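Q: Sharing entry25.txt, compact mmCIF, C-alpha atoms and all ligand atoms:
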```
# COMPACT_ATOMS: atom_id res chain seq x y z
CA MET A 189 -11.03 70.46 -62.83
CA THR A 190 -12.81 68.97 -59.85
CA THR A 191 -13.89 65.56 -58.73
CA GLU A 192 -16.46 64.55 -56.13
CA PHE A 193 -13.75 62.90 -54.13
CA THR A 194 -12.87 64.17 -50.65
CA PRO A 195 -9.74 62.69 -49.09
CA THR A 196 -10.02 61.07 -45.70
CA PRO A 197 -8.03 63.07 -43.13
CA ILE A 198 -5.01 61.33 -41.67
CA PRO A 199 -3.74 62.18 -38.17
CA VAL A 200 -1.13 64.91 -38.23
CA SER A 201 2.33 63.77 -37.16
CA GLY A 202 3.24 67.11 -35.58
CA ASP A 203 6.94 66.78 -36.30
CA GLY A 204 7.32 70.32 -37.59
CA GLN A 205 9.32 69.27 -40.60
CA ALA A 206 7.13 67.05 -42.71
CA PRO A 207 3.87 68.67 -43.80
CA ALA A 208 0.76 67.77 -41.85
CA ARG A 209 -0.36 64.51 -43.43
CA GLY A 210 -3.68 64.22 -45.14
CA THR A 211 -4.61 67.88 -45.30
CA ASP A 212 -3.74 68.30 -48.95
CA LEU A 213 -3.29 64.97 -50.70
CA ILE A 214 -1.47 65.35 -53.96
CA ILE A 215 -1.36 61.61 -54.58
CA ASP A 216 -4.18 59.35 -53.48
CA ALA A 217 -3.91 55.83 -54.91
CA ARG A 218 -6.25 53.08 -53.77
CA ASN A 219 -6.03 49.35 -54.34
CA VAL A 220 -3.99 49.69 -57.49
CA VAL A 221 -3.56 46.43 -59.37
CA LYS A 222 -1.28 46.10 -62.37
CA THR A 223 -0.74 42.83 -64.18
CA TYR A 224 1.60 42.38 -67.11
CA ARG A 225 0.54 39.62 -69.45
CA THR A 226 2.76 38.26 -72.16
CA ASP A 227 2.25 35.08 -74.17
CA ALA A 228 4.41 33.14 -71.76
CA VAL A 229 3.83 34.71 -68.34
CA VAL A 230 1.52 36.72 -66.14
CA VAL A 231 3.32 39.10 -63.77
CA ASN A 232 1.37 40.53 -60.86
CA ALA A 233 3.49 43.69 -60.69
CA LEU A 234 1.17 45.59 -58.31
CA ARG A 235 -1.14 43.58 -56.10
CA GLY A 236 -3.38 46.16 -54.46
CA VAL A 237 -1.32 49.20 -53.56
CA THR A 238 -2.88 51.94 -51.45
CA PHE A 239 -0.66 54.94 -51.02
CA ASN A 240 -1.01 58.66 -50.50
CA VAL A 241 1.26 61.65 -50.41
CA THR A 242 0.64 65.09 -48.98
CA ARG A 243 1.73 68.17 -50.90
CA GLY A 244 5.26 69.10 -49.86
CA GLU A 245 6.23 65.61 -48.73
CA MET A 246 9.38 63.81 -49.77
CA VAL A 247 8.70 60.11 -49.91
CA ALA A 248 11.18 57.32 -50.62
CA ILE A 249 10.18 53.96 -52.09
CA MET A 250 12.46 51.01 -51.39
CA GLY A 251 12.37 47.30 -52.04
CA PRO A 252 14.19 44.51 -53.85
CA SER A 253 14.65 44.54 -57.59
CA GLY A 254 11.49 43.43 -59.39
CA CYS A 255 9.12 44.25 -56.50
CA GLY A 256 7.20 46.82 -58.56
CA LYS A 257 8.75 50.19 -57.70
CA THR A 258 9.13 51.42 -61.27
CA THR A 259 5.71 50.02 -62.15
CA LEU A 260 4.23 52.00 -59.27
CA LEU A 261 5.83 55.24 -60.48
CA ASN A 262 4.74 54.53 -64.05
CA CYS A 263 1.16 53.93 -62.90
CA LEU A 264 1.01 56.91 -60.53
CA SER A 265 2.36 59.21 -63.21
CA GLY A 266 -0.02 57.88 -65.85
CA LEU A 267 2.78 56.58 -68.06
CA ASP A 268 1.15 53.19 -67.70
CA THR A 269 -2.49 52.16 -67.26
CA ILE A 270 -3.83 50.14 -64.34
CA ASP A 271 -6.12 47.11 -64.18
CA GLU A 272 -7.92 47.89 -60.95
CA GLY A 273 -8.08 50.65 -58.39
CA ILE A 274 -8.13 54.39 -58.64
CA ILE A 275 -5.45 57.08 -58.72
CA TYR A 276 -6.10 60.72 -57.95
CA ILE A 277 -3.31 63.16 -58.68
CA ASN A 278 -4.03 66.66 -57.46
CA GLY A 279 -7.70 65.67 -57.28
CA GLU A 280 -7.80 64.35 -60.84
CA ASP A 281 -8.72 60.73 -61.59
CA ILE A 282 -5.90 60.29 -64.11
CA ASN A 283 -7.26 57.11 -65.63
CA LYS A 284 -10.47 58.89 -66.62
CA LEU A 285 -8.50 61.31 -68.78
CA SER A 286 -8.10 60.65 -72.50
CA ASP A 287 -4.57 59.79 -73.64
CA ASN A 288 -4.04 63.33 -74.91
CA LYS A 289 -5.36 64.95 -71.76
CA ARG A 290 -3.28 62.63 -69.61
CA THR A 291 -0.15 63.50 -71.58
CA GLU A 292 -0.94 67.18 -71.17
CA PHE A 293 -1.69 66.72 -67.46
CA ARG A 294 1.64 64.94 -67.02
CA ALA A 295 3.52 67.67 -68.88
CA ARG A 296 1.97 70.37 -66.70
CA GLN A 297 1.96 68.66 -63.31
CA MET A 298 4.89 66.27 -63.27
CA GLY A 299 8.63 66.25 -63.63
CA PHE A 300 10.68 63.12 -64.18
CA VAL A 301 14.18 62.16 -63.12
CA PHE A 302 14.14 58.72 -64.72
CA GLN A 303 16.99 56.82 -66.27
CA PHE A 304 15.25 56.46 -69.60
CA TYR A 305 14.54 60.19 -69.74
CA ASN A 306 18.16 60.91 -70.55
CA LEU A 307 19.47 64.22 -71.71
CA LEU A 308 19.78 64.62 -75.45
CA PRO A 309 23.51 64.59 -76.28
CA VAL A 310 23.25 66.99 -79.22
CA LEU A 311 21.60 69.70 -77.13
CA ASN A 312 23.41 71.79 -74.55
CA ALA A 313 22.21 72.04 -70.95
CA ILE A 314 19.93 75.00 -71.47
CA GLU A 315 18.38 73.49 -74.61
CA ASN A 316 17.75 70.23 -72.78
CA VAL A 317 16.02 72.08 -69.96
CA GLU A 318 13.84 74.22 -72.19
CA LEU A 319 12.77 71.33 -74.40
CA PRO A 320 9.68 70.33 -72.35
CA LEU A 321 8.52 73.95 -72.41
CA LEU A 322 8.94 74.26 -76.17
CA VAL A 323 7.12 70.96 -76.67
CA SER A 324 4.21 72.22 -74.57
CA GLY A 325 3.98 75.42 -76.60
CA THR A 326 5.82 78.00 -74.48
CA LYS A 327 7.26 80.86 -76.55
CA ALA A 328 11.01 80.57 -77.18
CA GLY A 329 11.93 83.68 -75.19
CA ASP A 330 9.87 82.66 -72.17
CA ALA A 331 11.19 79.11 -72.37
CA ARG A 332 14.76 80.38 -72.33
CA LYS A 333 14.13 82.56 -69.26
CA LYS A 334 12.46 79.72 -67.37
CA ALA A 335 15.21 77.30 -68.34
CA GLU A 336 17.83 79.78 -67.11
CA SER A 337 16.14 80.16 -63.77
CA ALA A 338 15.77 76.35 -63.46
CA LEU A 339 19.50 75.97 -64.14
CA ASP A 340 20.07 78.66 -61.55
CA LEU A 341 18.10 76.65 -59.00
CA VAL A 342 20.43 73.70 -59.47
CA GLN A 343 23.50 75.95 -59.33
CA LEU A 344 24.45 75.50 -62.98
CA ARG A 345 23.90 79.04 -64.21
CA ASP A 346 27.26 79.15 -65.97
CA TRP A 347 27.01 75.72 -67.54
CA GLY A 348 24.09 76.26 -69.91
CA LYS A 349 26.21 76.13 -73.07
CA HIS A 350 27.81 72.82 -72.16
CA LYS A 351 26.64 69.59 -73.74
CA PRO A 352 26.01 66.54 -71.55
CA ALA A 353 29.34 64.95 -72.53
CA GLN A 354 31.12 68.08 -71.23
CA LEU A 355 29.49 67.78 -67.80
CA SER A 356 30.25 65.47 -64.88
CA GLY A 357 27.74 62.80 -63.82
CA GLY A 358 26.60 64.96 -60.92
CA GLN A 359 26.18 67.99 -63.15
CA ARG A 360 24.25 65.99 -65.71
CA GLN A 361 21.89 64.83 -62.99
CA ARG A 362 21.43 68.46 -61.92
CA VAL A 363 20.46 69.34 -65.48
CA THR A 364 17.95 66.48 -65.42
CA ILE A 365 16.50 67.88 -62.21
CA ALA A 366 16.36 71.38 -63.70
CA ARG A 367 14.46 69.91 -66.65
CA ALA A 368 12.08 68.13 -64.27
CA LEU A 369 11.45 71.40 -62.42
CA VAL A 370 11.20 73.79 -65.33
CA ASN A 371 7.41 73.50 -65.61
CA ARG A 372 7.04 74.07 -61.86
CA PRO A 373 5.35 70.68 -61.56
CA ALA A 374 3.24 69.58 -58.62
CA ILE A 375 5.22 66.35 -58.30
CA VAL A 376 8.73 65.28 -59.24
CA TRP A 377 9.24 61.53 -59.64
CA GLY A 378 12.71 60.10 -59.28
CA ASP A 379 13.56 56.53 -60.24
CA GLU A 380 16.95 55.94 -58.63
CA PRO A 381 18.01 59.53 -59.31
CA THR A 382 21.35 59.01 -57.59
CA GLY A 383 21.88 55.45 -58.82
CA ASP A 384 24.72 56.27 -61.20
CA LEU A 385 26.53 58.67 -58.87
CA ASP A 386 29.30 58.22 -56.30
CA THR A 387 28.49 58.94 -52.65
CA ALA A 388 29.65 62.56 -52.68
CA ASN A 389 27.65 63.39 -55.80
CA ALA A 390 24.63 61.46 -54.55
CA ASP A 391 24.72 63.46 -51.31
CA ALA A 392 24.99 66.72 -53.24
CA ILE A 393 21.97 65.78 -55.36
CA MET A 394 20.05 64.94 -52.19
CA ASP A 395 21.06 68.31 -50.68
CA LEU A 396 19.60 69.94 -53.74
CA ILE A 397 16.39 67.89 -53.63
CA GLN A 398 15.99 68.62 -49.93
CA ASP A 399 16.49 72.37 -50.49
CA LEU A 400 13.94 72.39 -53.28
CA ASN A 401 11.54 70.53 -51.04
CA ARG A 402 12.00 72.94 -48.14
CA GLN A 403 12.18 76.20 -50.06
CA HIS A 404 9.59 75.53 -52.73
CA ASN A 405 7.44 72.93 -50.96
CA GLN A 406 8.21 70.70 -53.93
CA THR A 407 6.77 67.20 -53.59
CA PHE A 408 9.20 64.39 -54.42
CA VAL A 409 8.59 60.65 -54.72
CA ILE A 410 11.92 58.90 -55.04
CA VAL A 411 12.71 55.25 -55.68
CA THR A 412 16.09 54.42 -54.19
CA HIS A 413 18.20 51.46 -53.12
CA ALA A 414 20.35 53.61 -50.83
CA PRO A 415 19.23 53.68 -47.17
CA ASP A 416 21.04 56.98 -46.53
CA ILE A 417 19.13 58.62 -49.37
CA ALA A 418 15.85 57.24 -48.07
CA GLN A 419 16.69 58.45 -44.55
CA ARG A 420 16.66 62.01 -45.85
CA CYS A 421 13.01 61.74 -46.90
CA HIS A 422 9.98 62.34 -44.67
CA ARG A 423 8.72 58.82 -45.11
CA ILE A 424 9.98 55.49 -46.45
CA ILE A 425 7.64 53.06 -48.17
CA HIS A 426 8.89 49.48 -48.36
CA MET A 427 7.59 47.27 -51.16
CA LYS A 428 7.79 43.55 -51.68
CA ASP A 429 6.20 41.36 -54.35
CA GLY A 430 3.95 44.10 -55.68
CA GLN A 431 2.71 45.31 -52.32
CA ILE A 432 3.56 47.92 -49.71
CA VAL A 433 4.66 45.94 -46.69
CA ARG A 434 5.89 48.62 -44.32
CA GLU A 435 6.19 52.35 -43.84
CA ASP A 436 8.92 54.05 -41.77
CA VAL A 437 9.47 57.59 -40.59
CA PRO A 438 13.23 58.28 -40.51
CA GLN A 439 14.70 59.24 -37.14
CA ALA A 440 15.57 62.74 -38.29
CA VAL A 441 11.86 63.38 -38.95
CA ALA A 442 10.31 61.47 -36.03
CA ARG A 443 10.41 63.34 -32.75
P1 LIG A 501 11.44 47.32 -59.72
O1 LIG A 501 11.42 48.70 -60.30
O2 LIG A 501 11.01 47.27 -58.29
O3 LIG A 501 12.76 46.65 -59.91
P2 LIG A 501 9.52 46.74 -61.80
O4 LIG A 501 8.36 47.59 -61.46
O5 LIG A 501 10.39 47.20 -62.90
O6 LIG A 501 10.37 46.43 -60.50
O7 LIG A 501 8.98 45.29 -62.19
C1 LIG A 501 8.03 44.58 -61.42
C2 LIG A 501 7.74 43.28 -62.11
O8 LIG A 501 7.01 43.52 -63.30
C3 LIG A 501 8.98 42.49 -62.52
O9 LIG A 501 8.71 41.13 -62.35
C4 LIG A 501 9.15 42.86 -63.97
O10 LIG A 501 9.80 41.84 -64.67
C5 LIG A 501 7.72 43.00 -64.42
N1 LIG A 501 7.55 43.97 -65.53
C6 LIG A 501 7.84 45.29 -65.47
N2 LIG A 501 7.53 45.90 -66.63
C7 LIG A 501 7.03 44.93 -67.44
C8 LIG A 501 6.52 44.93 -68.77
N3 LIG A 501 6.45 46.04 -69.50
N4 LIG A 501 6.09 43.74 -69.26
C9 LIG A 501 6.14 42.60 -68.54
N5 LIG A 501 6.60 42.56 -67.28
C10 LIG A 501 7.04 43.70 -66.73
MG MG A 502 12.94 49.83 -61.23
```
Take the structure I supplied and represent it as structure tokens, if you would.

A:
Amino acid sequence: MTTEFTPTPIPVSGDGQAPARGTDLIIDARNVVKTYRTDAVVVNALRGVTFNVTRGEMVAIMGPSGCGKTTLLNCLSGLDTIDEGIIYINGEDINKLSDNKRTEFRARQMGFVFQFYNLLPVLNAIENVELPLLVSGTKAGDARKKAESALDLVQLRDWGKHKPAQLSGGQRQRVTIARALVNRPAIVWGDEPTGDLDTANADAIMDLIQDLNRQHNQTFVIVTHAPDIAQRCHRIIHMKDGQIVREDVPQAVAR
């Protein structure tokens, strides 16, 4: 699948840790406008957001409640439609895809660590992880092997038979991450992935995310309220009132 679009190169930061920006844009969103209209109100949730991410980057999105962070993730991942602008994911104009194709694209290219994508309580860890594979038509045997190796990646090899209620909050979040990774997606989206965890567990989840980023060049876009989580990303995007107002490079990355 190709488009005529060629991304504009962005100067390379040369920090040695973050990937060279602009060489391989996995997300390229331009002037994205999203307005929610109900009978009573019009909410300008995104008011012209331009944002890009290079393959292998870990980007944090911060901003006050209601500023449009979740809306941005929903639009970038094609869970929600947009009113204006254009979004290329891996070179694909996602809003030109039919609903079915977009769903398929999402299943193949994206993993989600979202609060509303909870684990199913009746399934054990391994069954939860293999579910997206089975839904997208992977044979049962292959799905099981892939789910096992995804659980391995999050250091839960021996916990596959446990149901969510038999796991700690941190372990449950690891299972969610394993499920997000099982398709080897291009991008993993996290909407406050450590929001329900205590500091120690949140740090452990961030260790895991950082390892996956470094070892597998896995791209992550993570909404978070926690400055110390954001500091562990390559770049921090600050939003306010439906716009990106600032972009920081954490000290650990900047040289
Ligand atoms: P954040 O994730 O930064 O807290 P959201 O993206 O959830 O913010 O919301 C941005 C704005 O859009 C808020 O004012 C919210 O009330 C509104 N909003 C979000 N989703 C909907 C929806 N489905 N219908 C109407 N308004 C919405
Ligand atoms: Mg939100």

Q: Given all atoms listed in the file as the basis, pick out the residue of A:Gly358, A:Gly244, A:Gly378, A:Gly329 nearest to ligand MG 502 (chain A).

A: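 With all atoms listed in the file as the atom set, the closest residue is A:Gly378.
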
Q: Given all atoms listed in the file, how would the per-residue table for chain A near ligand LIG 501 (chain A) read, listing every residue at most 10 Å away with its closest atom pair and distance in Å to one decimal, sorted by chain and number, as CSV?

A:
```
residue,atom,partner,partner_atom,distance
A:Lys222,CA,A:LIG501,O8,8.7
A:Thr223,CA,A:LIG501,O8,7.8
A:Tyr224,CA,A:LIG501,C9,4.8
A:Arg225,CA,A:LIG501,C9,6.4
A:Thr226,CA,A:LIG501,C9,6.6
A:Val229,CA,A:LIG501,C9,8.2
A:Val230,CA,A:LIG501,N5,7.8
A:Val231,CA,A:LIG501,O8,5.8
A:Asn232,CA,A:LIG501,O8,6.8
A:Ala233,CA,A:LIG501,O8,4.4
A:Leu234,CA,A:LIG501,C1,7.6
A:Ile249,CA,A:LIG501,O2,9.2
A:Met250,CA,A:LIG501,O2,8.0
A:Gly251,CA,A:LIG501,O2,6.4
A:Pro252,CA,A:LIG501,O2,6.1
A:Ser253,CA,A:LIG501,O3,3.7
A:Gly254,CA,A:LIG501,O6,3.4
A:Cys255,CA,A:LIG501,O2,4.0
A:Gly256,CA,A:LIG501,O4,3.2
A:Lys257,CA,A:LIG501,O2,3.7
A:Thr258,CA,A:LIG501,O1,3.7
A:Thr259,CA,A:LIG501,O4,3.7
A:Leu260,CA,A:LIG501,O4,6.4
A:Leu261,CA,A:LIG501,O4,8.1
A:Asn262,CA,A:LIG501,O4,8.2
A:Cys263,CA,A:LIG501,O4,9.7
A:Asp268,CA,A:LIG501,N3,9.1
A:Asp379,CA,A:LIG501,O1,8.1
A:Glu380,CA,A:LIG501,O1,9.3
A:Val411,CA,A:LIG501,O1,8.1
A:Thr412,CA,A:LIG501,O1,9.6
A:His413,CA,A:LIG501,O2,9.8
A:Met427,CA,A:LIG501,O2,7.9
A:Lys428,CA,A:LIG501,O2,8.2
A:Asp429,CA,A:LIG501,C1,8.0
A:Gly430,CA,A:LIG501,C1,7.1
```

Q: Just want the 7 Å neighbourhood of stretch 331-347 of chain A, counted on only C-alpha atoms, with same-chain residues fewer than 6 positions away dropped. Output as an NGL selection string.

A: :A and (313-314 or 317-318 or 321-322 or 362-363 or 366 or 369-370 or 396)

Q: Would you list the contacts of A:Arg243 as a list in words, taking every protein, DNA or RNA residue within 6 Å and counting all atoms listed in the file, but skipping same-chain residues closer than 6 positions in sequence?

A: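 Here the answer would be Asp212, Leu213, Ile214 and Thr407 of chain A.
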
Q: Grab the atom CA of A:Glu292 to atom CA of A:Gly279 distance for me, in Å with one decimal place.

A: 15.5 Å

Q: Point out the residue among A:Thr242, A:Thr211, A:Gln354, A:Gln361 with the least atom-to-atom distance to A:Val310, counting only C-alpha atoms.

A: A:Gln354

Q: Between A:Asn219, A:Ser286, A:Thr269, A:Gln303, which one has atoms that come closest to ligand MG 502 (chain A), using only C-alpha atoms and all ligand atoms?

A: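 So, comparing all the options, the nearest one is A:Gln303.
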
Q: Nearest residue to ligand MG 502 (chain A) out of A:Ile397, A:Ile410, A:Ala368, A:Ala392, using only C-alpha atoms and all ligand atoms?

A: A:Ile410

Q: Between A:Gly325, A:Asn240, A:Asn389, A:Pro381, which is the closest to ligand MG 502 (chain A) once you count only C-alpha atoms and all ligand atoms?

A: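 Of the candidates, the smallest distance to ligand MG 502 (chain A) is held by A:Pro381.
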
Q: Report, in Å to a single decimal, how far apart atom CA of A:Asn278 and atom CA of A:Ala374 are.

A: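 Atom CA of A:Ala374 sits 7.9 Å away from atom CA of A:Asn278.
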
Q: For A:Arg434, which residue among A:Ala248, A:Ile365, A:Leu308, A:Val221 is the nearest when counting all atoms listed in the file?

A: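 The shortest atom-to-atom distance to A:Arg434 comes from A:Ala248.
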
Q: Quick one: distance from atom CA of A:Ala440 to atom CA of A:Pro373 in Å, one decimal?

A: 26.6 Å

Q: If we count only C-alpha atoms and set the cut-off at 8 Å, which residues sit around A:Pro309, ignoring sequence neighbours fewer than 4 positions away in its own chain? Please answer as an MDAnalysis selection string.

A: chainID A and resid 351:353

Q: Output: stretch 328-400 of chain A of the preceding structure, restricted to C-alpha atoms, written as a PDB file, in the first residue's frame.

A:
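selection.pdb written:
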```
ATOM      1  CA  ALA A 328      -5.095 -21.658  17.283  1.00  0.00           C
ATOM      2  CA  GLY A 329      -1.684 -23.325  17.547  1.00  0.00           C
ATOM      3  CA  ASP A 330       0.158 -20.334  16.109  1.00  0.00           C
ATOM      4  CA  ALA A 331      -1.846 -17.947  18.274  1.00  0.00           C
ATOM      5  CA  ARG A 332      -0.885 -19.893  21.385  1.00  0.00           C
ATOM      6  CA  LYS A 333       2.821 -19.822  20.497  1.00  0.00           C
ATOM      7  CA  LYS A 334       2.761 -16.091  19.792  1.00  0.00           C
ATOM      8  CA  ALA A 335       0.817 -15.406  22.976  1.00  0.00           C
ATOM      9  CA  GLU A 336       3.361 -17.420  24.962  1.00  0.00           C
ATOM     10  CA  SER A 337       6.256 -15.479  23.545  1.00  0.00           C
ATOM     11  CA  ALA A 338       4.438 -12.168  24.197  1.00  0.00           C
ATOM     12  CA  LEU A 339       3.907 -13.216  27.829  1.00  0.00           C
ATOM     13  CA  ASP A 340       7.564 -14.129  27.920  1.00  0.00           C
ATOM     14  CA  LEU A 341       8.488 -10.629  26.767  1.00  0.00           C
ATOM     15  CA  VAL A 342       6.646  -9.138  29.725  1.00  0.00           C
ATOM     16  CA  GLN A 343       8.188 -11.684  32.116  1.00  0.00           C
ATOM     17  CA  LEU A 344       4.949 -13.534  32.812  1.00  0.00           C
ATOM     18  CA  ARG A 345       5.801 -16.883  31.258  1.00  0.00           C
ATOM     19  CA  ASP A 346       4.602 -18.811  34.300  1.00  0.00           C
ATOM     20  CA  TRP A 347       1.414 -16.839  34.803  1.00  0.00           C
ATOM     21  CA  GLY A 348      -0.476 -17.775  31.646  1.00  0.00           C
ATOM     22  CA  LYS A 349      -3.046 -19.936  33.427  1.00  0.00           C
ATOM     23  CA  HIS A 350      -3.975 -17.219  35.906  1.00  0.00           C
ATOM     24  CA  LYS A 351      -7.126 -15.178  35.464  1.00  0.00           C
ATOM     25  CA  PRO A 352      -6.983 -11.388  35.849  1.00  0.00           C
ATOM     26  CA  ALA A 353      -8.438 -11.529  39.370  1.00  0.00           C
ATOM     27  CA  GLN A 354      -5.541 -13.801  40.397  1.00  0.00           C
ATOM     28  CA  LEU A 355      -2.940 -11.287  39.217  1.00  0.00           C
ATOM     29  CA  SER A 356      -1.690  -8.075  40.806  1.00  0.00           C
ATOM     30  CA  GLY A 357      -2.409  -4.697  39.184  1.00  0.00           C
ATOM     31  CA  GLY A 358       1.113  -4.569  37.792  1.00  0.00           C
ATOM     32  CA  GLN A 359       0.859  -8.080  36.403  1.00  0.00           C
ATOM     33  CA  ARG A 360      -2.498  -7.334  34.827  1.00  0.00           C
ATOM     34  CA  GLN A 361      -1.003  -4.323  33.105  1.00  0.00           C
ATOM     35  CA  ARG A 362       1.830  -6.532  31.825  1.00  0.00           C
ATOM     36  CA  VAL A 363      -0.748  -8.888  30.340  1.00  0.00           C
ATOM     37  CA  THR A 364      -2.410  -5.904  28.668  1.00  0.00           C
ATOM     38  CA  ILE A 365       0.943  -4.916  27.208  1.00  0.00           C
ATOM     39  CA  ALA A 366       1.575  -8.477  26.032  1.00  0.00           C
ATOM     40  CA  ARG A 367      -1.816  -8.386  24.316  1.00  0.00           C
ATOM     41  CA  ALA A 368      -0.938  -5.049  22.704  1.00  0.00           C
ATOM     42  CA  LEU A 369       2.342  -6.500  21.419  1.00  0.00           C
ATOM     43  CA  VAL A 370       1.180  -9.912  20.293  1.00  0.00           C
ATOM     44  CA  ASN A 371       0.535  -8.828  16.699  1.00  0.00           C
ATOM     45  CA  ARG A 372       3.963  -7.167  16.541  1.00  0.00           C
ATOM     46  CA  PRO A 373       2.266  -3.843  15.819  1.00  0.00           C
ATOM     47  CA  ALA A 374       3.995  -0.824  14.337  1.00  0.00           C
ATOM     48  CA  ILE A 375       2.648   1.412  17.109  1.00  0.00           C
ATOM     49  CA  VAL A 376       1.509   0.829  20.669  1.00  0.00           C
ATOM     50  CA  TRP A 377      -0.823   3.474  22.095  1.00  0.00           C
ATOM     51  CA  GLY A 378      -1.065   3.892  25.837  1.00  0.00           C
ATOM     52  CA  ASP A 379      -3.747   6.008  27.485  1.00  0.00           C
ATOM     53  CA  GLU A 380      -2.492   6.448  31.050  1.00  0.00           C
ATOM     54  CA  PRO A 381      -1.051   2.929  31.074  1.00  0.00           C
ATOM     55  CA  THR A 382       0.334   3.376  34.579  1.00  0.00           C
ATOM     56  CA  GLY A 383      -2.586   5.424  35.894  1.00  0.00           C
ATOM     57  CA  ASP A 384      -3.948   2.736  38.200  1.00  0.00           C
ATOM     58  CA  LEU A 385      -0.576   1.595  39.530  1.00  0.00           C
ATOM     59  CA  ASP A 386       1.515   2.598  42.544  1.00  0.00           C
ATOM     60  CA  THR A 387       4.910   4.196  41.915  1.00  0.00           C
ATOM     61  CA  ALA A 388       6.920   0.972  42.090  1.00  0.00           C
ATOM     62  CA  ASN A 389       4.626  -0.836  39.669  1.00  0.00           C
ATOM     63  CA  ALA A 390       4.423   2.187  37.375  1.00  0.00           C
ATOM     64  CA  ASP A 391       8.230   2.301  37.238  1.00  0.00           C
ATOM     65  CA  ALA A 392       8.394  -1.411  36.485  1.00  0.00           C
ATOM     66  CA  ILE A 393       5.913  -0.998  33.627  1.00  0.00           C
ATOM     67  CA  MET A 394       7.984   1.888  32.283  1.00  0.00           C
ATOM     68  CA  ASP A 395      11.146  -0.264  32.530  1.00  0.00           C
ATOM     69  CA  LEU A 396       9.360  -2.830  30.417  1.00  0.00           C
ATOM     70  CA  ILE A 397       8.129  -0.275  27.877  1.00  0.00           C
ATOM     71  CA  GLN A 398      11.604   1.235  27.642  1.00  0.00           C
ATOM     72  CA  ASP A 399      13.194  -2.201  27.103  1.00  0.00           C
ATOM     73  CA  LEU A 400      10.698  -3.043  24.383  1.00  0.00           C
TER      74      LEU A 400
END
```
